[in-house]
Amino acid sequence: MVSQFYKLLGYSINEIPASLETFSNLVHPDDKEYTFKMVQRHFEKRVPFLVEYRLKHKSGKYKWFQGSGQATWDDDGKPMRMVGTIIDIDSRKLSEEAELKRAAELAEKNRELEEFTYVASHDLQEPVRTIASFADLFEQSYADKLDEEGRQYLQFIKGASMRSQQLIVDLLDYSRLGKSREMIQVNMNETIQDALVDLSVKIKEAKATIKVDDLPTIAGNATELRLLCQNLISNAIKFRKAEINPEIKISVHQNETGYQFSVSDNGIGIEEKYLDRIFVIFKRLHGKTEYEGTGIGLAHCKKIVELHHGRIWVESKVGVGSTFLFVIPSEIES
(Lines give C-alpha, C1' and ligand atoms only; values in the text may rest on other atoms or scores of the structure.)
Protein backbone atom coordinates (compact mmCIF):
# COMPACT_ATOMS: atom_id res chain seq x y z
CA MET A 1 0.00 0.00 0.00
CA VAL A 2 2.88 2.37 0.82
CA SER A 3 4.43 2.26 -2.66
CA GLN A 4 1.00 2.59 -4.27
CA PHE A 5 0.25 5.54 -1.99
CA TYR A 6 3.35 7.40 -3.12
CA LYS A 7 2.77 6.55 -6.78
CA LEU A 8 -0.80 7.84 -6.78
CA LEU A 9 0.31 11.13 -5.23
CA GLY A 10 3.24 11.60 -7.61
CA TYR A 11 6.01 11.27 -5.01
CA SER A 12 8.97 8.94 -4.74
CA ILE A 13 9.29 6.96 -1.52
CA ASN A 14 12.23 9.13 -0.40
CA GLU A 15 10.52 12.51 -0.87
CA ILE A 16 8.19 12.40 2.12
CA PRO A 17 8.32 10.22 5.23
CA ALA A 18 5.81 7.40 5.68
CA SER A 19 4.03 8.52 8.83
CA LEU A 20 0.62 9.38 10.22
CA GLU A 21 1.71 13.02 10.37
CA THR A 22 2.52 12.99 6.64
CA PHE A 23 -0.88 11.51 5.86
CA SER A 24 -2.59 14.10 8.08
CA ASN A 25 -0.78 16.96 6.31
CA LEU A 26 -1.89 15.65 2.90
CA VAL A 27 -5.58 15.23 3.74
CA HIS A 28 -7.82 18.10 2.63
CA PRO A 29 -8.76 20.30 5.62
CA ASP A 30 -12.48 19.75 4.99
CA ASP A 31 -12.04 15.96 5.03
CA LYS A 32 -9.57 15.63 7.90
CA GLU A 33 -11.98 15.50 10.85
CA TYR A 34 -14.26 12.90 9.30
CA THR A 35 -11.39 10.75 7.99
CA PHE A 36 -9.63 10.48 11.35
CA LYS A 37 -12.95 10.01 13.11
CA MET A 38 -13.51 6.91 10.96
CA VAL A 39 -9.97 5.69 11.67
CA GLN A 40 -10.53 6.10 15.40
CA ARG A 41 -13.87 4.32 15.13
CA HIS A 42 -12.10 1.41 13.46
CA PHE A 43 -9.53 1.20 16.24
CA GLU A 44 -12.13 1.40 19.00
CA LYS A 45 -14.90 -0.81 17.58
CA ARG A 46 -12.91 -2.86 15.08
CA VAL A 47 -15.50 -2.19 12.36
CA PRO A 48 -14.46 -2.07 8.68
CA PHE A 49 -12.68 1.11 7.63
CA LEU A 50 -13.74 2.57 4.28
CA VAL A 51 -13.72 6.29 3.59
CA GLU A 52 -13.45 8.74 0.70
CA TYR A 53 -11.18 11.75 1.09
CA ARG A 54 -9.04 14.22 -0.84
CA LEU A 55 -5.26 14.12 -0.71
CA LYS A 56 -2.84 16.76 -1.92
CA HIS A 57 -1.01 15.62 -5.04
CA LYS A 58 2.60 16.62 -5.71
CA SER A 59 1.21 19.01 -8.37
CA GLY A 60 -0.48 20.96 -5.58
CA LYS A 61 -3.99 19.91 -6.55
CA TYR A 62 -6.24 17.80 -4.36
CA LYS A 63 -7.48 14.49 -5.75
CA TRP A 64 -10.17 12.12 -4.50
CA PHE A 65 -9.23 8.68 -3.17
CA GLN A 66 -11.01 5.80 -1.50
CA GLY A 67 -9.11 4.25 1.36
CA SER A 68 -9.84 1.00 3.16
CA GLY A 69 -7.89 -0.53 5.98
CA GLN A 70 -7.69 -3.21 8.58
CA ALA A 71 -5.64 -2.89 11.76
CA THR A 72 -3.89 -5.74 13.52
CA TRP A 73 -3.90 -5.86 17.31
CA ASP A 74 -1.48 -7.32 19.84
CA ASP A 75 -2.47 -9.64 22.68
CA ASP A 76 -3.36 -6.67 24.84
CA GLY A 77 -5.81 -5.33 22.24
CA LYS A 78 -3.62 -2.44 21.13
CA PRO A 79 -3.39 -1.67 17.37
CA MET A 80 0.02 -2.49 15.95
CA ARG A 81 -0.25 -1.64 12.27
CA MET A 82 -2.75 -0.86 9.52
CA VAL A 83 -2.89 -2.61 6.16
CA GLY A 84 -5.23 -1.70 3.37
CA THR A 85 -5.76 -0.26 -0.10
CA ILE A 86 -6.06 3.13 -1.70
CA ILE A 87 -7.91 3.72 -5.00
CA ASP A 88 -7.92 6.80 -7.22
CA ILE A 89 -11.61 7.84 -7.59
CA ASP A 90 -10.98 11.40 -8.74
CA SER A 91 -12.63 11.01 -12.16
CA ARG A 92 -15.75 9.45 -10.64
CA LYS A 93 -16.08 12.12 -7.96
CA LEU A 94 -15.59 14.93 -10.46
CA SER A 95 -18.29 13.39 -12.66
CA GLU A 96 -20.61 13.10 -9.68
CA GLU A 97 -19.98 16.71 -8.69
CA ALA A 98 -20.61 17.88 -12.26
CA GLU A 99 -23.84 15.87 -12.36
CA LEU A 100 -24.98 17.34 -9.04
CA LYS A 101 -24.19 20.83 -10.34
CA ARG A 102 -26.18 20.18 -13.53
CA ALA A 103 -29.07 18.80 -11.48
CA ALA A 104 -29.05 21.88 -9.24
CA GLU A 105 -28.98 24.20 -12.25
CA LEU A 106 -31.83 22.30 -13.89
CA ALA A 107 -33.87 22.40 -10.68
CA GLU A 108 -33.36 26.16 -10.49
CA LYS A 109 -34.42 26.64 -14.12
CA ASN A 110 -37.49 24.46 -13.54
CA ARG A 111 -38.34 26.51 -10.45
CA GLU A 112 -38.04 29.76 -12.41
CA LEU A 113 -40.15 28.32 -15.24
CA GLU A 114 -42.83 27.19 -12.80
CA GLU A 115 -42.92 30.62 -11.19
CA PHE A 116 -43.21 32.28 -14.60
CA THR A 117 -45.98 29.91 -15.66
CA TYR A 118 -47.85 30.48 -12.42
CA VAL A 119 -47.68 34.26 -12.74
CA ALA A 120 -48.63 34.20 -16.44
CA SER A 121 -51.52 31.82 -15.81
CA HIS A 122 -52.73 33.86 -12.86
CA ASP A 123 -52.76 37.00 -15.00
CA LEU A 124 -54.63 35.14 -17.76
CA GLN A 125 -57.34 34.06 -15.37
CA GLU A 126 -58.46 37.62 -14.64
CA PRO A 127 -59.75 38.53 -18.14
CA VAL A 128 -61.35 35.09 -18.46
CA ARG A 129 -63.14 35.58 -15.14
CA THR A 130 -64.28 39.00 -16.38
CA ILE A 131 -65.74 37.48 -19.54
CA ALA A 132 -67.53 34.79 -17.52
CA SER A 133 -68.90 37.36 -15.06
CA PHE A 134 -70.22 39.68 -17.75
CA ALA A 135 -71.73 36.71 -19.60
CA ASP A 136 -73.64 35.82 -16.42
CA LEU A 137 -74.77 39.44 -15.96
CA PHE A 138 -75.80 39.66 -19.62
CA GLU A 139 -77.82 36.48 -19.29
CA GLN A 140 -79.58 37.73 -16.16
CA SER A 141 -80.47 41.08 -17.74
CA TYR A 142 -81.15 40.23 -21.38
CA ALA A 143 -81.88 36.51 -21.68
CA ASP A 144 -85.59 37.14 -22.18
CA LYS A 145 -84.81 39.58 -25.01
CA LEU A 146 -82.76 37.08 -27.00
CA ASP A 147 -84.07 34.62 -29.54
CA GLU A 148 -83.10 30.94 -29.47
CA GLU A 149 -80.00 31.49 -31.59
CA GLY A 150 -78.84 34.38 -29.37
CA ARG A 151 -79.26 32.29 -26.23
CA GLN A 152 -77.28 29.50 -27.88
CA TYR A 153 -74.44 31.90 -28.70
CA LEU A 154 -74.45 33.09 -25.09
CA GLN A 155 -74.14 29.53 -23.86
CA PHE A 156 -71.19 29.06 -26.23
CA ILE A 157 -69.50 32.10 -24.64
CA LYS A 158 -70.11 30.80 -21.12
CA GLY A 159 -68.93 27.32 -22.03
CA ALA A 160 -65.80 28.66 -23.71
CA SER A 161 -65.04 30.78 -20.62
CA MET A 162 -65.37 27.81 -18.31
CA ARG A 163 -63.14 25.67 -20.52
CA SER A 164 -60.58 28.47 -20.75
CA GLN A 165 -60.45 28.69 -16.97
CA GLN A 166 -59.93 24.93 -16.80
CA LEU A 167 -57.23 25.08 -19.48
CA ILE A 168 -55.36 27.70 -17.47
CA VAL A 169 -55.50 25.41 -14.44
CA ASP A 170 -54.30 22.57 -16.68
CA LEU A 171 -51.44 24.77 -17.87
CA LEU A 172 -50.33 25.16 -14.27
CA ASP A 173 -50.51 21.40 -13.82
CA TYR A 174 -48.61 20.87 -17.07
CA SER A 175 -45.80 23.15 -15.91
CA ARG A 176 -45.27 20.78 -13.00
CA LEU A 177 -44.94 17.67 -15.16
CA GLY A 178 -42.35 15.30 -13.81
CA LYS A 179 -42.58 16.59 -10.26
CA SER A 180 -45.62 14.64 -9.19
CA ARG A 181 -46.31 11.37 -10.95
CA GLU A 182 -49.37 10.30 -8.99
CA MET A 183 -51.44 8.06 -11.26
CA ILE A 184 -55.18 7.40 -11.07
CA GLN A 185 -57.58 5.22 -13.01
CA VAL A 186 -58.62 7.25 -16.07
CA ASN A 187 -61.68 6.29 -18.11
CA MET A 188 -60.50 6.96 -21.67
CA ASN A 189 -64.08 7.10 -22.98
CA GLU A 190 -64.75 10.06 -20.70
CA THR A 191 -61.38 11.57 -21.58
CA ILE A 192 -62.16 11.46 -25.30
CA GLN A 193 -65.61 12.95 -24.74
CA ASP A 194 -64.12 15.83 -22.75
CA ALA A 195 -61.65 16.46 -25.56
CA LEU A 196 -64.45 16.40 -28.15
CA VAL A 197 -66.43 18.97 -26.14
CA ASP A 198 -63.42 21.27 -26.06
CA LEU A 199 -63.02 20.83 -29.82
CA SER A 200 -66.73 21.06 -30.64
CA VAL A 201 -66.40 24.34 -32.57
CA LYS A 202 -63.52 23.01 -34.71
CA ILE A 203 -65.36 19.76 -35.33
CA LYS A 204 -68.51 21.59 -36.41
CA GLU A 205 -66.67 24.04 -38.66
CA ALA A 206 -64.72 21.25 -40.38
CA LYS A 207 -67.81 19.00 -40.58
CA ALA A 208 -65.65 16.25 -39.13
CA THR A 209 -66.90 12.76 -38.40
CA ILE A 210 -65.30 11.06 -35.41
CA LYS A 211 -65.80 7.40 -34.57
CA VAL A 212 -64.58 6.08 -31.25
CA ASP A 213 -64.24 2.47 -30.15
CA ASP A 214 -65.10 1.42 -26.62
CA LEU A 215 -61.96 2.44 -24.75
CA PRO A 216 -60.47 1.02 -21.54
CA THR A 217 -59.78 2.54 -18.16
CA ILE A 218 -56.04 2.91 -17.70
CA ALA A 219 -53.58 4.15 -15.09
CA GLY A 220 -52.43 7.66 -15.90
CA ASN A 221 -52.63 11.39 -15.35
CA ALA A 222 -56.09 12.60 -16.37
CA THR A 223 -55.05 16.10 -17.44
CA GLU A 224 -52.11 14.85 -19.50
CA LEU A 225 -54.14 12.15 -21.24
CA ARG A 226 -56.88 14.63 -22.14
CA LEU A 227 -54.30 17.00 -23.62
CA LEU A 228 -52.81 14.09 -25.56
CA CYS A 229 -56.17 13.11 -27.09
CA GLN A 230 -57.14 16.71 -27.74
CA ASN A 231 -53.88 17.45 -29.56
CA LEU A 232 -54.10 14.35 -31.75
CA ILE A 233 -57.74 14.98 -32.72
CA SER A 234 -57.07 18.67 -33.34
CA ASN A 235 -54.09 17.74 -35.49
CA ALA A 236 -56.21 15.35 -37.57
CA ILE A 237 -58.80 18.09 -38.17
CA LYS A 238 -56.22 20.76 -38.98
CA PHE A 239 -54.35 18.81 -41.65
CA ARG A 240 -57.40 17.82 -43.71
CA LYS A 241 -57.66 17.80 -47.47
CA ALA A 242 -59.48 20.63 -49.16
CA GLU A 243 -63.14 19.99 -49.99
CA ILE A 244 -63.12 16.67 -48.11
CA ASN A 245 -64.69 16.36 -44.68
CA PRO A 246 -62.33 14.88 -42.06
CA GLU A 247 -63.01 11.33 -40.95
CA ILE A 248 -61.26 10.33 -37.75
CA LYS A 249 -61.19 6.91 -36.14
CA ILE A 250 -60.00 6.30 -32.57
CA SER A 251 -59.38 2.69 -31.63
CA VAL A 252 -57.39 0.54 -29.23
CA HIS A 253 -56.17 -2.97 -28.73
CA GLN A 254 -54.26 -4.60 -25.90
CA ASN A 255 -50.96 -6.37 -26.45
CA GLU A 256 -48.22 -7.79 -24.27
CA THR A 257 -46.78 -4.35 -23.44
CA GLY A 258 -50.02 -2.50 -22.73
CA TYR A 259 -52.76 -0.64 -24.57
CA GLN A 260 -52.01 0.53 -28.11
CA PHE A 261 -54.21 3.45 -29.13
CA SER A 262 -54.51 4.76 -32.66
CA VAL A 263 -55.94 7.99 -34.09
CA SER A 264 -56.44 7.66 -37.86
CA ASP A 265 -57.51 10.31 -40.35
CA ASN A 266 -58.08 10.80 -44.08
CA GLY A 267 -56.00 13.97 -44.24
CA ILE A 268 -53.11 15.18 -46.36
CA GLY A 269 -50.61 12.69 -44.96
CA ILE A 270 -46.92 13.13 -44.16
CA GLU A 271 -43.87 12.45 -46.29
CA GLU A 272 -41.77 9.57 -44.95
CA LYS A 273 -38.70 11.76 -44.42
CA TYR A 274 -40.65 13.87 -41.93
CA LEU A 275 -42.12 11.08 -39.79
CA ASP A 276 -39.53 11.48 -37.02
CA ARG A 277 -39.17 15.23 -37.29
CA ILE A 278 -42.79 16.03 -36.46
CA PHE A 279 -42.36 15.21 -32.77
CA VAL A 280 -39.57 17.77 -32.29
CA ILE A 281 -40.74 20.90 -30.52
CA PHE A 282 -41.40 23.94 -32.76
CA LYS A 283 -40.65 21.95 -35.92
CA ARG A 284 -43.18 22.83 -38.60
CA LEU A 285 -43.61 21.02 -41.91
CA HIS A 286 -45.78 23.74 -43.42
CA GLY A 287 -45.65 27.53 -43.59
CA LYS A 288 -47.50 29.63 -41.03
CA THR A 289 -49.83 30.90 -43.72
CA GLU A 290 -50.90 27.37 -44.65
CA TYR A 291 -51.74 26.02 -41.20
CA GLU A 292 -52.04 27.75 -37.85
CA GLY A 293 -50.11 26.66 -34.78
CA THR A 294 -46.67 26.83 -33.20
CA GLY A 295 -45.46 23.31 -33.85
CA ILE A 296 -45.56 22.38 -30.18
CA GLY A 297 -48.64 20.14 -30.08
CA LEU A 298 -47.04 16.87 -31.16
CA ALA A 299 -43.99 17.56 -29.00
CA HIS A 300 -46.39 17.78 -26.06
CA CYS A 301 -47.92 14.46 -27.13
CA LYS A 302 -44.50 12.82 -27.16
CA LYS A 303 -43.64 14.19 -23.74
CA ILE A 304 -46.92 13.04 -22.22
CA VAL A 305 -46.61 9.52 -23.62
CA GLU A 306 -43.00 9.24 -22.43
CA LEU A 307 -43.99 10.44 -18.96
CA HIS A 308 -46.36 7.45 -18.98
CA HIS A 309 -43.38 5.22 -19.89
CA GLY A 310 -44.83 4.63 -23.35
CA ARG A 311 -43.90 5.52 -26.90
CA ILE A 312 -45.58 7.29 -29.81
CA TRP A 313 -45.06 7.10 -33.55
CA VAL A 314 -46.89 7.77 -36.81
CA GLU A 315 -47.65 5.83 -39.96
CA SER A 316 -48.66 7.88 -42.96
CA LYS A 317 -49.07 8.06 -46.71
CA VAL A 318 -49.21 11.34 -48.59
CA GLY A 319 -52.68 12.03 -49.93
CA VAL A 320 -54.23 9.13 -48.03
CA GLY A 321 -53.97 10.03 -44.36
CA SER A 322 -52.09 9.40 -41.14
CA THR A 323 -52.37 7.14 -38.11
CA PHE A 324 -50.82 8.24 -34.86
CA LEU A 325 -50.16 5.35 -32.53
CA PHE A 326 -49.13 5.38 -28.89
CA VAL A 327 -48.69 2.64 -26.31
CA ILE A 328 -49.45 3.11 -22.63
CA PRO A 329 -48.18 0.27 -20.40
CA SER A 330 -50.81 -1.73 -18.50
CA GLU A 331 -49.08 -0.91 -15.21
CA ILE A 332 -47.33 2.38 -14.59
CA GLU A 333 -45.24 3.18 -11.54
CA SER A 334 -45.97 6.54 -9.93
# chains A, B, ... in the order shown; residues from 1 in each chain; ligands from 1
>>> select_by_dssp(residues="range 116-333 of chain A", states="helix (DSSP H, G or I)", output="PyMOL selection string")
chain A and resi 116-145+148-175+188-198+200-206+222-238+272-274+277-279+297-307
>>> select_by_dssp(residues="range 213-266 of chain A", states="strand (DSSP E)", output="ChimeraX atom specification")
/A:217-220,247-254,258-264
>>> write_last_selection(atoms="N, CA and C atoms", output="tab-separated table (two decimals), in the first residue's frame")
chain	number	residue	atom	x	y	z
A	217	THR	N	-60.23	1.70	-19.26
A	217	THR	CA	-59.78	2.54	-18.16
A	217	THR	C	-58.33	2.17	-17.88
A	218	ILE	N	-57.47	3.18	-17.85
A	218	ILE	CA	-56.04	2.91	-17.70
A	218	ILE	C	-55.46	3.76	-16.57
A	219	ALA	N	-54.29	3.37	-16.10
A	219	ALA	CA	-53.58	4.15	-15.09
A	219	ALA	C	-52.86	5.30	-15.77
A	220	GLY	N	-53.09	6.51	-15.28
A	220	GLY	CA	-52.43	7.66	-15.90
A	220	GLY	C	-52.80	8.96	-15.23
A	247	GLU	N	-62.48	12.53	-41.58
A	247	GLU	CA	-63.01	11.33	-40.95
A	247	GLU	C	-61.93	10.78	-40.03
A	248	ILE	N	-62.25	10.70	-38.76
A	248	ILE	CA	-61.26	10.33	-37.75
A	248	ILE	C	-61.75	9.10	-37.00
A	249	LYS	N	-60.86	8.15	-36.82
A	249	LYS	CA	-61.19	6.91	-36.14
A	249	LYS	C	-60.24	6.72	-34.97
A	250	ILE	N	-60.80	6.52	-33.78
A	250	ILE	CA	-60.00	6.30	-32.57
A	250	ILE	C	-60.26	4.88	-32.09
A	251	SER	N	-59.21	4.09	-32.02
A	251	SER	CA	-59.38	2.69	-31.63
A	251	SER	C	-58.25	2.27	-30.70
A	252	VAL	N	-58.37	1.05	-30.17
A	252	VAL	CA	-57.39	0.54	-29.23
A	252	VAL	C	-57.38	-0.98	-29.26
A	253	HIS	N	-56.23	-1.54	-29.00
A	253	HIS	CA	-56.17	-2.97	-28.73
A	253	HIS	C	-55.07	-3.23	-27.72
A	254	GLN	N	-55.22	-4.28	-26.95
A	254	GLN	CA	-54.26	-4.60	-25.90
A	254	GLN	C	-53.27	-5.63	-26.40
A	258	GLY	N	-49.02	-3.43	-23.26
A	258	GLY	CA	-50.02	-2.50	-22.73
A	258	GLY	C	-51.13	-2.24	-23.73
A	259	TYR	N	-51.68	-1.03	-23.67
A	259	TYR	CA	-52.76	-0.64	-24.57
A	259	TYR	C	-52.19	0.21	-25.71
A	260	GLN	N	-52.46	-0.23	-26.93
A	260	GLN	CA	-52.01	0.53	-28.11
A	260	GLN	C	-53.19	1.26	-28.70
A	261	PHE	N	-53.16	2.59	-28.59
A	261	PHE	CA	-54.21	3.45	-29.13
A	261	PHE	C	-53.80	3.93	-30.52
A	262	SER	N	-54.79	4.20	-31.34
A	262	SER	CA	-54.51	4.76	-32.66
A	262	SER	C	-55.54	5.83	-32.99
A	263	VAL	N	-55.07	6.90	-33.61
A	263	VAL	CA	-55.94	7.99	-34.09
A	263	VAL	C	-55.65	8.13	-35.59
A	264	SER	N	-56.62	7.69	-36.41
A	264	SER	CA	-56.44	7.66	-37.86
A	264	SER	C	-57.28	8.75	-38.52
>>> closest_residue(among="A:Val27, A:Ile328, A:Ala222, A:Ala143", to="Gln185 in chain A", atoms="only C-alpha atoms")
A:Ala222
>>> residues_around(residues="Glu21 in chain A", least_positions_apart="5", cutoff="12 Å", atoms="only C-alpha atoms", output="ChimeraX atom specification")
/A:16,26-27,32,36
>>> atom_distance(atom1="CA of Asp144 in chain A", atom2="CA of Ile131 in chain A")
20.0 Å
>>> atom_distance(atom1="CA of Tyr153 in chain A", atom2="CA of Glu139 in chain A")
11.0 Å
>>> closest_residue(among="A:Val197, A:Ile233, A:Ile13, A:Ile268", to="Phe324 in chain A", atoms="only C-alpha atoms")
A:Ile233
>>> residues_around(residues="Gly10 in chain A", least_positions_apart="4", cutoff="9 Å", atoms="only C-alpha atoms", output="list in words")
Phe5, Tyr6, His57, Lys58 and Ser59 of chain A
